[in-house]
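To be precise, the following lines are target33.txt, and they hold compact mmCIF, C-alpha atoms.
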# COMPACT_ATOMS: atom_id res chain seq x y z
CA ALA A 1 245.46 -25.15 -41.65
CA ALA A 2 247.38 -28.38 -41.13
CA ALA A 3 244.20 -30.40 -40.58
CA ALA A 4 242.75 -29.00 -43.80
CA ARG A 5 245.27 -31.13 -45.70
CA LEU A 6 243.77 -34.30 -44.21
CA ARG A 7 240.68 -36.20 -45.25
CA GLY A 8 238.54 -39.14 -44.16
CA PRO A 9 239.49 -40.93 -40.94
CA TYR A 10 242.73 -38.94 -40.66
CA LEU A 11 240.78 -35.70 -40.41
CA ALA A 12 238.45 -37.24 -37.82
CA GLY A 13 241.49 -38.46 -35.86
CA ALA A 14 243.06 -34.99 -35.89
CA THR A 15 239.91 -33.31 -34.56
CA LEU A 16 239.55 -36.00 -31.89
CA ALA A 17 243.18 -35.47 -30.87
CA LEU A 18 242.45 -31.77 -30.37
CA ALA A 19 239.41 -32.61 -28.25
CA VAL A 20 241.56 -34.88 -26.08
CA GLY A 21 244.61 -32.63 -25.85
CA LEU A 22 243.27 -29.09 -25.47
CA PRO A 23 241.64 -29.56 -22.01
CA ALA A 24 245.12 -30.34 -20.69
CA LEU A 25 245.99 -26.66 -21.22
CA THR A 26 243.95 -25.85 -18.12
CA ARG A 27 246.43 -27.83 -16.03
CA LYS A 28 249.37 -26.27 -17.86
CA PHE A 29 248.16 -22.75 -17.02
CA PRO A 30 246.22 -23.18 -13.75
CA ASP A 31 246.57 -19.55 -12.68
CA PHE A 32 244.90 -18.33 -15.86
CA LEU A 33 242.44 -21.17 -16.64
CA GLY A 34 241.72 -22.52 -13.17
CA GLY A 35 243.28 -25.97 -13.57
CA SER A 36 241.06 -29.04 -13.37
CA ASN A 37 238.39 -27.09 -11.48
CA GLY A 38 238.04 -24.57 -14.29
CA LEU A 39 236.61 -21.10 -13.88
CA SER A 40 233.63 -20.15 -11.72
CA PHE A 41 231.64 -16.95 -12.06
CA THR A 42 228.23 -15.46 -11.43
CA VAL A 43 226.07 -14.26 -14.29
CA HIS A 44 223.47 -11.55 -13.62
CA SER A 45 221.72 -11.26 -16.98
CA ARG A 46 218.12 -10.60 -15.99
CA PRO A 47 217.15 -6.91 -15.96
CA ALA A 48 215.90 -5.70 -12.60
CA GLY A 49 212.46 -4.63 -13.87
CA ILE A 50 211.48 -8.00 -15.34
CA GLY A 51 209.48 -10.21 -13.00
CA VAL A 52 210.52 -13.51 -14.59
CA PRO A 53 212.22 -16.39 -12.76
CA GLU A 54 215.95 -16.59 -13.42
CA LEU A 55 215.75 -20.06 -14.98
CA ARG A 56 213.02 -19.01 -17.41
CA TRP A 57 214.98 -15.91 -18.39
CA GLN A 58 218.06 -18.04 -19.07
CA THR A 59 215.94 -20.40 -21.17
CA TRP A 60 214.74 -17.50 -23.29
CA ILE A 61 218.32 -16.30 -23.78
CA VAL A 62 219.48 -19.78 -24.84
CA TRP A 63 216.65 -20.32 -27.34
CA LEU A 64 217.06 -16.83 -28.77
CA SER A 65 220.78 -17.54 -29.28
CA VAL A 66 219.97 -20.87 -30.94
CA LEU A 67 217.46 -19.18 -33.25
CA LEU A 68 219.92 -16.48 -34.28
CA ALA A 69 222.64 -19.08 -34.87
CA LEU A 70 220.29 -21.15 -37.03
CA VAL A 71 219.34 -18.11 -39.10
CA LEU A 72 223.00 -17.24 -39.68
CA VAL A 73 224.00 -20.80 -40.56
CA VAL A 74 221.01 -21.23 -42.89
CA ASN A 75 222.04 -18.08 -44.75
CA ILE A 76 225.60 -19.39 -45.02
CA ALA A 77 224.38 -22.79 -46.26
CA ARG A 78 222.16 -21.23 -48.94
CA GLY A 79 224.83 -18.86 -50.19
CA ARG A 80 227.95 -19.28 -52.26
CA LEU A 81 230.00 -20.43 -49.29
CA GLY A 82 227.48 -23.16 -48.54
CA ARG A 83 227.66 -24.39 -52.13
CA ASP A 84 231.44 -24.50 -51.83
CA PHE A 85 231.12 -26.51 -48.62
CA ARG A 86 228.89 -29.09 -50.31
CA ALA A 87 231.13 -29.29 -53.36
CA VAL A 88 234.22 -29.99 -51.25
CA ARG A 89 232.29 -32.50 -49.14
CA ASP A 90 231.08 -34.44 -52.17
CA ASP A 91 234.29 -34.46 -54.26
CA GLU A 92 237.43 -32.47 -53.45
CA VAL A 93 239.04 -33.12 -56.86
CA ALA A 94 235.98 -31.93 -58.77
CA ALA A 95 235.70 -28.91 -56.49
CA ALA A 96 239.34 -27.98 -57.10
CA LEU A 97 238.90 -28.36 -60.86
CA SER A 98 235.92 -26.00 -60.75
CA GLY A 99 238.06 -23.30 -59.15
CA ILE A 100 237.21 -23.75 -55.47
CA ALA A 101 240.11 -23.34 -53.01
CA VAL A 102 239.68 -26.62 -51.16
CA GLY A 103 242.03 -25.87 -48.27
CA ARG A 104 240.58 -22.43 -47.61
CA THR A 105 237.03 -23.80 -47.81
CA LYS A 106 237.86 -26.49 -45.25
CA ILE A 107 239.33 -23.89 -42.89
CA LEU A 108 236.18 -21.77 -43.24
CA ALA A 109 234.07 -24.84 -42.46
CA PHE A 110 236.19 -25.42 -39.34
CA LEU A 111 235.69 -21.76 -38.42
CA VAL A 112 231.89 -21.89 -38.72
CA SER A 113 231.82 -25.13 -36.74
CA ALA A 114 234.11 -23.69 -34.06
CA VAL A 115 231.94 -20.59 -33.69
CA CYS A 116 228.84 -22.75 -33.20
CA GLY A 117 230.67 -24.97 -30.73
CA GLY A 118 232.03 -21.96 -28.88
CA LEU A 119 228.54 -20.48 -28.65
CA ALA A 120 227.26 -23.76 -27.20
CA GLY A 121 230.06 -23.83 -24.63
CA GLY A 122 229.41 -20.21 -23.73
CA LEU A 123 225.71 -20.90 -23.21
CA GLN A 124 226.56 -23.88 -21.02
CA ALA A 125 228.82 -21.69 -18.90
CA PHE A 126 226.06 -19.07 -18.81
CA LEU A 127 223.63 -21.65 -17.38
CA LEU A 128 225.97 -23.46 -14.99
CA GLY A 129 228.14 -20.56 -13.86
CA THR A 130 231.30 -22.59 -14.44
CA ALA A 131 233.59 -23.64 -17.29
CA ALA A 132 235.62 -26.74 -16.45
CA PRO A 133 237.57 -29.15 -18.69
CA GLY A 134 235.67 -32.08 -17.20
CA SER A 135 232.55 -30.88 -19.04
CA PHE A 136 234.16 -31.43 -22.44
CA THR A 137 235.28 -35.04 -22.63
CA PRO A 138 235.79 -37.31 -25.67
CA ALA A 139 232.57 -39.05 -24.60
CA LEU A 140 230.75 -35.75 -25.19
CA SER A 141 232.23 -35.56 -28.71
CA LEU A 142 231.00 -39.07 -29.46
CA SER A 143 227.57 -38.24 -28.02
CA LEU A 144 227.31 -35.18 -30.25
CA LEU A 145 228.33 -37.25 -33.27
CA ALA A 146 225.66 -39.83 -32.41
CA ALA A 147 223.12 -37.02 -32.03
CA VAL A 148 223.95 -35.70 -35.50
CA VAL A 149 223.53 -39.18 -36.99
CA LEU A 150 220.24 -39.60 -35.12
CA GLY A 151 218.91 -36.24 -36.28
CA GLY A 152 220.14 -36.55 -39.87
CA LEU A 153 223.52 -35.89 -41.45
CA GLY A 154 223.80 -32.91 -43.77
CA SER A 155 220.72 -31.19 -42.33
CA LEU A 156 220.57 -28.22 -39.98
CA TRP A 157 217.16 -29.29 -38.73
CA GLY A 158 218.59 -32.77 -38.21
CA ALA A 159 221.25 -31.29 -35.93
CA LEU A 160 218.51 -29.56 -33.93
CA TRP A 161 216.42 -32.76 -33.62
CA GLY A 162 219.52 -34.69 -32.56
CA ALA A 163 220.36 -32.14 -29.86
CA VAL A 164 216.81 -32.20 -28.51
CA ALA A 165 216.81 -36.01 -28.51
CA LEU A 166 220.18 -36.12 -26.74
CA VAL A 167 218.83 -34.02 -23.87
CA TYR A 168 215.28 -35.29 -23.52
CA PHE A 169 215.90 -39.01 -23.99
CA GLN A 170 218.33 -38.87 -21.09
CA ALA A 171 215.85 -36.93 -18.93
CA TRP A 172 213.02 -39.34 -19.74
CA SER A 173 215.26 -42.33 -19.02
CA GLU A 174 216.16 -40.90 -15.61
CA ASP A 175 212.47 -40.32 -14.84
CA LEU A 176 211.71 -43.90 -15.89
CA ALA A 177 214.45 -45.22 -13.61
CA ASP A 178 212.94 -43.27 -10.71
CA VAL A 179 209.46 -44.61 -11.41
CA LEU A 180 210.69 -48.21 -11.61
CA HIS A 181 212.87 -47.78 -8.49
CA LEU A 182 215.90 -49.28 -10.21
CA ASN A 183 219.19 -49.68 -8.37
CA THR A 184 221.94 -47.15 -8.91
CA ASP A 185 224.03 -49.16 -11.38
CA VAL A 186 221.07 -49.87 -13.67
CA ALA A 187 219.73 -46.33 -13.35
CA ASN A 188 223.09 -44.82 -14.32
CA ASN A 189 223.36 -46.97 -17.46
CA LEU A 190 219.70 -46.87 -18.51
CA PRO A 191 219.94 -43.53 -20.42
CA LEU A 192 222.85 -44.85 -22.51
CA ALA A 193 221.00 -48.10 -23.23
CA VAL A 194 217.78 -46.31 -24.21
CA TYR A 195 219.62 -43.81 -26.38
CA GLY A 196 221.57 -46.60 -28.08
CA VAL A 197 218.43 -48.61 -28.84
CA ILE A 198 216.63 -45.56 -30.23
CA LEU A 199 219.68 -44.67 -32.34
CA ILE A 200 219.83 -48.18 -33.84
CA VAL A 201 216.07 -48.25 -34.55
CA VAL A 202 216.07 -44.82 -36.19
CA VAL A 203 219.14 -45.56 -38.33
CA LEU A 204 217.66 -48.88 -39.50
CA ALA A 205 214.22 -47.40 -40.21
CA PHE A 206 215.40 -44.04 -41.56
CA PRO A 207 219.07 -44.05 -42.66
CA ARG A 208 218.91 -40.26 -43.01
CA GLY A 209 217.84 -39.79 -39.41
CA ILE A 210 214.81 -38.12 -37.86
CA GLN A 211 214.78 -35.32 -40.43
CA GLY A 212 214.91 -37.92 -43.21
CA GLY A 213 211.91 -39.61 -41.61
CA PHE A 214 210.01 -36.31 -41.61
CA ARG A 215 210.83 -35.79 -45.29
CA TRP A 216 209.66 -39.32 -46.12
CA LEU A 217 206.43 -38.77 -44.21
CA ARG A 218 205.85 -35.41 -45.91
CA GLY A 219 206.37 -36.97 -49.32
CA LEU A 220 204.00 -39.82 -48.44
CA LEU A 221 201.29 -37.38 -47.36
CA ARG A 222 201.79 -35.30 -50.48
CA ARG A 223 201.46 -38.35 -52.75
CA SER A 224 198.34 -39.52 -50.92
CA ALA A 225 196.79 -36.05 -51.25
CA GLU A 226 197.41 -36.07 -55.00

Show this structure as structure tokens.
Amino acid sequence: AAAARLRGPYLAGATLALAVGLPALTRKFPDFLGGSNGLSFTVHSRPAGIGVPELRWQTWIVWLSVLLALVLVVNIARGRLGRDFRAVRDDEVAAALSGIAVGRTKILAFLVSAVCGGLAGGLQAFLLGTAAPGSFTPALSLSLLAAVVLGGLGSLWGALWGAVALVYFQAWSEDLADVLHLNTDVANNLPLAVYGVILIVVVLAFPRGIQGGFRWLRGLLRRSAE
């Protein structure tokens, strides 16, 4: 509620402060949250009668969760609440004059975002069998922000493309480092370098990200067909 009164870089600073400060709670309450080591547990989610490898079953669960989350968020974005979100994003004064409760709308936007982020963290814990504060660093927040920019701001599909790129570009860079037999220092920094170069190229070529590039290509094909 307090952050809803902020805007621009002050709002970004408040959310970043929460990302930096909240993991310290695990050290404040080590008996309950496990301290710096976090919590470890074993997840047995695969039914006994299904002859599917555990990793494949977990993959199905993750993608099914992502699909359901996308369906829910798309419905929110296309409804009245989504229109209120866009109105507040574009111009808070105009939104307030049209009868939209700006503060409440911001809090609801935080809530939807927190639910999606909590689902992502829960799925990560489901895969890894652990939930530790070291997994959620400010660097991760910046990486997610870069992924959203790469995929396309203001687009749900852009967020999906950015997440896929964030994972697979790193995996491909690590494979490339293995093929080239690079030393450890270069191999550790190669994924960041590759991701940074791709981010710069995409932003320069398509300011609206990967999804914006797809829209441009679709429009070009449609005009050529006409």

Between atom CA of A:Leu160 and atom CA of A:Trp63 - distance in Å to one decimal = 11.5 Å

message = Applying 7 Å and all atoms listed in the file, which residues near A:Ala132 remain after dropping the ones on its own chain fewer than 4 positions away? List them as a ChimeraX atom specification.
response = /A:36-39

inquiry  = Using all atoms listed in the file, can you tell me which of A:Val194, A:Leu176, A:Gly129, A:Gln211 comes closest to A:Ser155?
reply    =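 Result for the nearest residue to A:Ser155: A:Gln211.
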
message = Set the distance at 9 Å and use only C-alpha atoms: which residues neighbour A:Gly35 once local chain neighbours fewer than 3 positions away are removed? I'd like the list as JSON, numbers by chain.
response = {"A": [24, 25, 26, 27, 28, 29, 30, 31, 32, 38, 39, 132, 133]}

message = Taking 3 positions as the minimum chain separation for residues in the same chain, which residues sit within 8 Å of stretch 143-148 of chain A when counting only C-alpha atoms? Answer as JSON, numbers by chain.
response = {"A": [139, 140, 151, 152, 153, 158, 159, 162, 163, 165, 166, 199]}

Given 3 Å on each side, where is the centre and what are the edge lengths in Å to one decimal of the axis-aligned box enclosing the listed atoms of stretch 10-26 of chain A, as AutoDock Vina command-line options?
--center_x 242.2 --center_y -32.4 --center_z -29.4 --size_x 13.5 --size_y 19.1 --size_z 28.5

ask   = Distance atom CA of A:Gly99-atom CA of A:Gly154, one decimal place?
value =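 Going from atom CA of A:Gly99 over to atom CA of A:Gly154, I get 23.1 Å.
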
key: Neighbour list for A:Gly103 as a list in words, cut-off 10 Å, all atoms listed in the file, skip fewer than 5 positions in-chain   =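 After dropping sequence-adjacent residues, the list is Ala1, Ala2, Ala3, Ala4, Arg5, Leu6, Val88, Glu92, Ala96, Leu108 and Ala109 of chain A.
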
Written-out stretch 197-226 of chain A (N, CA and C atoms) as a PDB file, in the first residue's frame:
ATOM      1  N   VAL A 197      24.858  -9.335 -25.834  1.00  0.00           N
ATOM      2  CA  VAL A 197      24.930  -8.995 -27.258  1.00  0.00           C
ATOM      3  C   VAL A 197      23.584  -9.206 -27.937  1.00  0.00           C
ATOM      4  N   ILE A 198      22.939 -10.332 -27.642  1.00  0.00           N
ATOM      5  CA  ILE A 198      21.629 -10.609 -28.239  1.00  0.00           C
ATOM      6  C   ILE A 198      20.604  -9.579 -27.788  1.00  0.00           C
ATOM      7  N   LEU A 199      20.646  -9.184 -26.522  1.00  0.00           N
ATOM      8  CA  LEU A 199      19.721  -8.178 -26.008  1.00  0.00           C
ATOM      9  C   LEU A 199      19.902  -6.850 -26.740  1.00  0.00           C
ATOM     10  N   ILE A 200      21.151  -6.426 -26.933  1.00  0.00           N
ATOM     11  CA  ILE A 200      21.422  -5.163 -27.623  1.00  0.00           C
ATOM     12  C   ILE A 200      20.945  -5.229 -29.069  1.00  0.00           C
ATOM     13  N   VAL A 201      21.242  -6.339 -29.763  1.00  0.00           N
ATOM     14  CA  VAL A 201      20.847  -6.479 -31.162  1.00  0.00           C
ATOM     15  C   VAL A 201      19.329  -6.456 -31.309  1.00  0.00           C
ATOM     16  N   VAL A 202      18.631  -7.201 -30.449  1.00  0.00           N
ATOM     17  CA  VAL A 202      17.170  -7.255 -30.542  1.00  0.00           C
ATOM     18  C   VAL A 202      16.548  -5.897 -30.250  1.00  0.00           C
ATOM     19  N   VAL A 203      17.046  -5.203 -29.224  1.00  0.00           N
ATOM     20  CA  VAL A 203      16.481  -3.897 -28.869  1.00  0.00           C
ATOM     21  C   VAL A 203      16.719  -2.883 -29.982  1.00  0.00           C
ATOM     22  N   LEU A 204      17.894  -2.936 -30.616  1.00  0.00           N
ATOM     23  CA  LEU A 204      18.180  -2.003 -31.713  1.00  0.00           C
ATOM     24  C   LEU A 204      17.335  -2.335 -32.947  1.00  0.00           C
ATOM     25  N   ALA A 205      17.194  -3.624 -33.256  1.00  0.00           N
ATOM     26  CA  ALA A 205      16.437  -4.019 -34.450  1.00  0.00           C
ATOM     27  C   ALA A 205      14.930  -3.937 -34.217  1.00  0.00           C
ATOM     28  N   PHE A 206      14.489  -4.371 -33.043  1.00  0.00           N
ATOM     29  CA  PHE A 206      13.063  -4.384 -32.718  1.00  0.00           C
ATOM     30  C   PHE A 206      12.883  -3.786 -31.325  1.00  0.00           C
ATOM     31  N   PRO A 207      12.648  -2.482 -31.223  1.00  0.00           N
ATOM     32  CA  PRO A 207      12.521  -1.834 -29.901  1.00  0.00           C
ATOM     33  C   PRO A 207      11.436  -2.453 -29.023  1.00  0.00           C
ATOM     34  N   ARG A 208      10.476  -3.118 -29.633  1.00  0.00           N
ATOM     35  CA  ARG A 208       9.409  -3.753 -28.852  1.00  0.00           C
ATOM     36  C   ARG A 208       9.695  -5.221 -28.557  1.00  0.00           C
ATOM     37  N   GLY A 209      10.933  -5.649 -28.749  1.00  0.00           N
ATOM     38  CA  GLY A 209      11.345  -6.978 -28.373  1.00  0.00           C
ATOM     39  C   GLY A 209      11.003  -8.040 -29.405  1.00  0.00           C
ATOM     40  N   ILE A 210      11.177  -9.291 -28.988  1.00  0.00           N
ATOM     41  CA  ILE A 210      10.939 -10.422 -29.886  1.00  0.00           C
ATOM     42  C   ILE A 210       9.491 -10.457 -30.353  1.00  0.00           C
ATOM     43  N   GLN A 211       8.549 -10.236 -29.450  1.00  0.00           N
ATOM     44  CA  GLN A 211       7.144 -10.243 -29.832  1.00  0.00           C
ATOM     45  C   GLN A 211       6.851  -9.124 -30.810  1.00  0.00           C
ATOM     46  N   GLY A 212       7.482  -7.957 -30.630  1.00  0.00           N
ATOM     47  CA  GLY A 212       7.322  -6.867 -31.588  1.00  0.00           C
ATOM     48  C   GLY A 212       7.871  -7.246 -32.956  1.00  0.00           C
ATOM     49  N   GLY A 213       8.973  -8.003 -32.971  1.00  0.00           N
ATOM     50  CA  GLY A 213       9.512  -8.483 -34.239  1.00  0.00           C
ATOM     51  C   GLY A 213       8.557  -9.437 -34.934  1.00  0.00           C
ATOM     52  N   PHE A 214       7.908 -10.315 -34.164  1.00  0.00           N
ATOM     53  CA  PHE A 214       6.925 -11.232 -34.743  1.00  0.00           C
ATOM     54  C   PHE A 214       5.743 -10.459 -35.328  1.00  0.00           C
ATOM     55  N   ARG A 215       5.294  -9.423 -34.615  1.00  0.00           N
ATOM     56  CA  ARG A 215       4.175  -8.619 -35.125  1.00  0.00           C
ATOM     57  C   ARG A 215       4.565  -7.898 -36.406  1.00  0.00           C
ATOM     58  N   TRP A 216       5.790  -7.369 -36.447  1.00  0.00           N
ATOM     59  CA  TRP A 216       6.260  -6.693 -37.655  1.00  0.00           C
ATOM     60  C   TRP A 216       6.329  -7.669 -38.825  1.00  0.00           C
ATOM     61  N   LEU A 217       6.844  -8.871 -38.571  1.00  0.00           N
ATOM     62  CA  LEU A 217       6.942  -9.874 -39.620  1.00  0.00           C
ATOM     63  C   LEU A 217       5.562 -10.311 -40.093  1.00  0.00           C
ATOM     64  N   ARG A 218       4.625 -10.459 -39.170  1.00  0.00           N
ATOM     65  CA  ARG A 218       3.267 -10.849 -39.545  1.00  0.00           C
ATOM     66  C   ARG A 218       2.604  -9.774 -40.390  1.00  0.00           C
ATOM     67  N   GLY A 219       2.800  -8.512 -40.018  1.00  0.00           N
ATOM     68  CA  GLY A 219       2.255  -7.426 -40.819  1.00  0.00           C
ATOM     69  C   GLY A 219       2.880  -7.354 -42.196  1.00  0.00           C
ATOM     70  N   LEU A 220       4.195  -7.628 -42.271  1.00  0.00           N
ATOM     71  CA  LEU A 220       4.881  -7.616 -43.565  1.00  0.00           C
ATOM     72  C   LEU A 220       4.347  -8.716 -44.463  1.00  0.00           C
ATOM     73  N   LEU A 221       4.159  -9.914 -43.910  1.00  0.00           N
ATOM     74  CA  LEU A 221       3.608 -11.018 -44.707  1.00  0.00           C
ATOM     75  C   LEU A 221       2.187 -10.740 -45.142  1.00  0.00           C
ATOM     76  N   ARG A 222       1.423 -10.102 -44.272  1.00  0.00           N
ATOM     77  CA  ARG A 222       0.027  -9.800 -44.624  1.00  0.00           C
ATOM     78  C   ARG A 222      -0.035  -8.785 -45.760  1.00  0.00           C
ATOM     79  N   ARG A 223       0.842  -7.757 -45.711  1.00  0.00           N
ATOM     80  CA  ARG A 223       0.852  -6.748 -46.767  1.00  0.00           C
ATOM     81  C   ARG A 223       1.322  -7.351 -48.096  1.00  0.00           C
ATOM     82  N   SER A 224       2.314  -8.241 -48.022  1.00  0.00           N
ATOM     83  CA  SER A 224       2.798  -8.869 -49.253  1.00  0.00           C
ATOM     84  C   SER A 224       1.742  -9.796 -49.859  1.00  0.00           C
ATOM     85  N   ALA A 225       0.932 -10.437 -48.996  1.00  0.00           N
ATOM     86  CA  ALA A 225      -0.125 -11.316 -49.507  1.00  0.00           C
ATOM     87  C   ALA A 225      -1.236 -10.526 -50.172  1.00  0.00           C
ATOM     88  N   GLU A 226      -1.473  -9.294 -49.692  1.00  0.00           N
ATOM     89  CA  GLU A 226      -2.515  -8.463 -50.281  1.00  0.00           C
ATOM     90  C   GLU A 226      -2.051  -7.872 -51.612  1.00  0.00           C
TER      91      GLU A 226
END
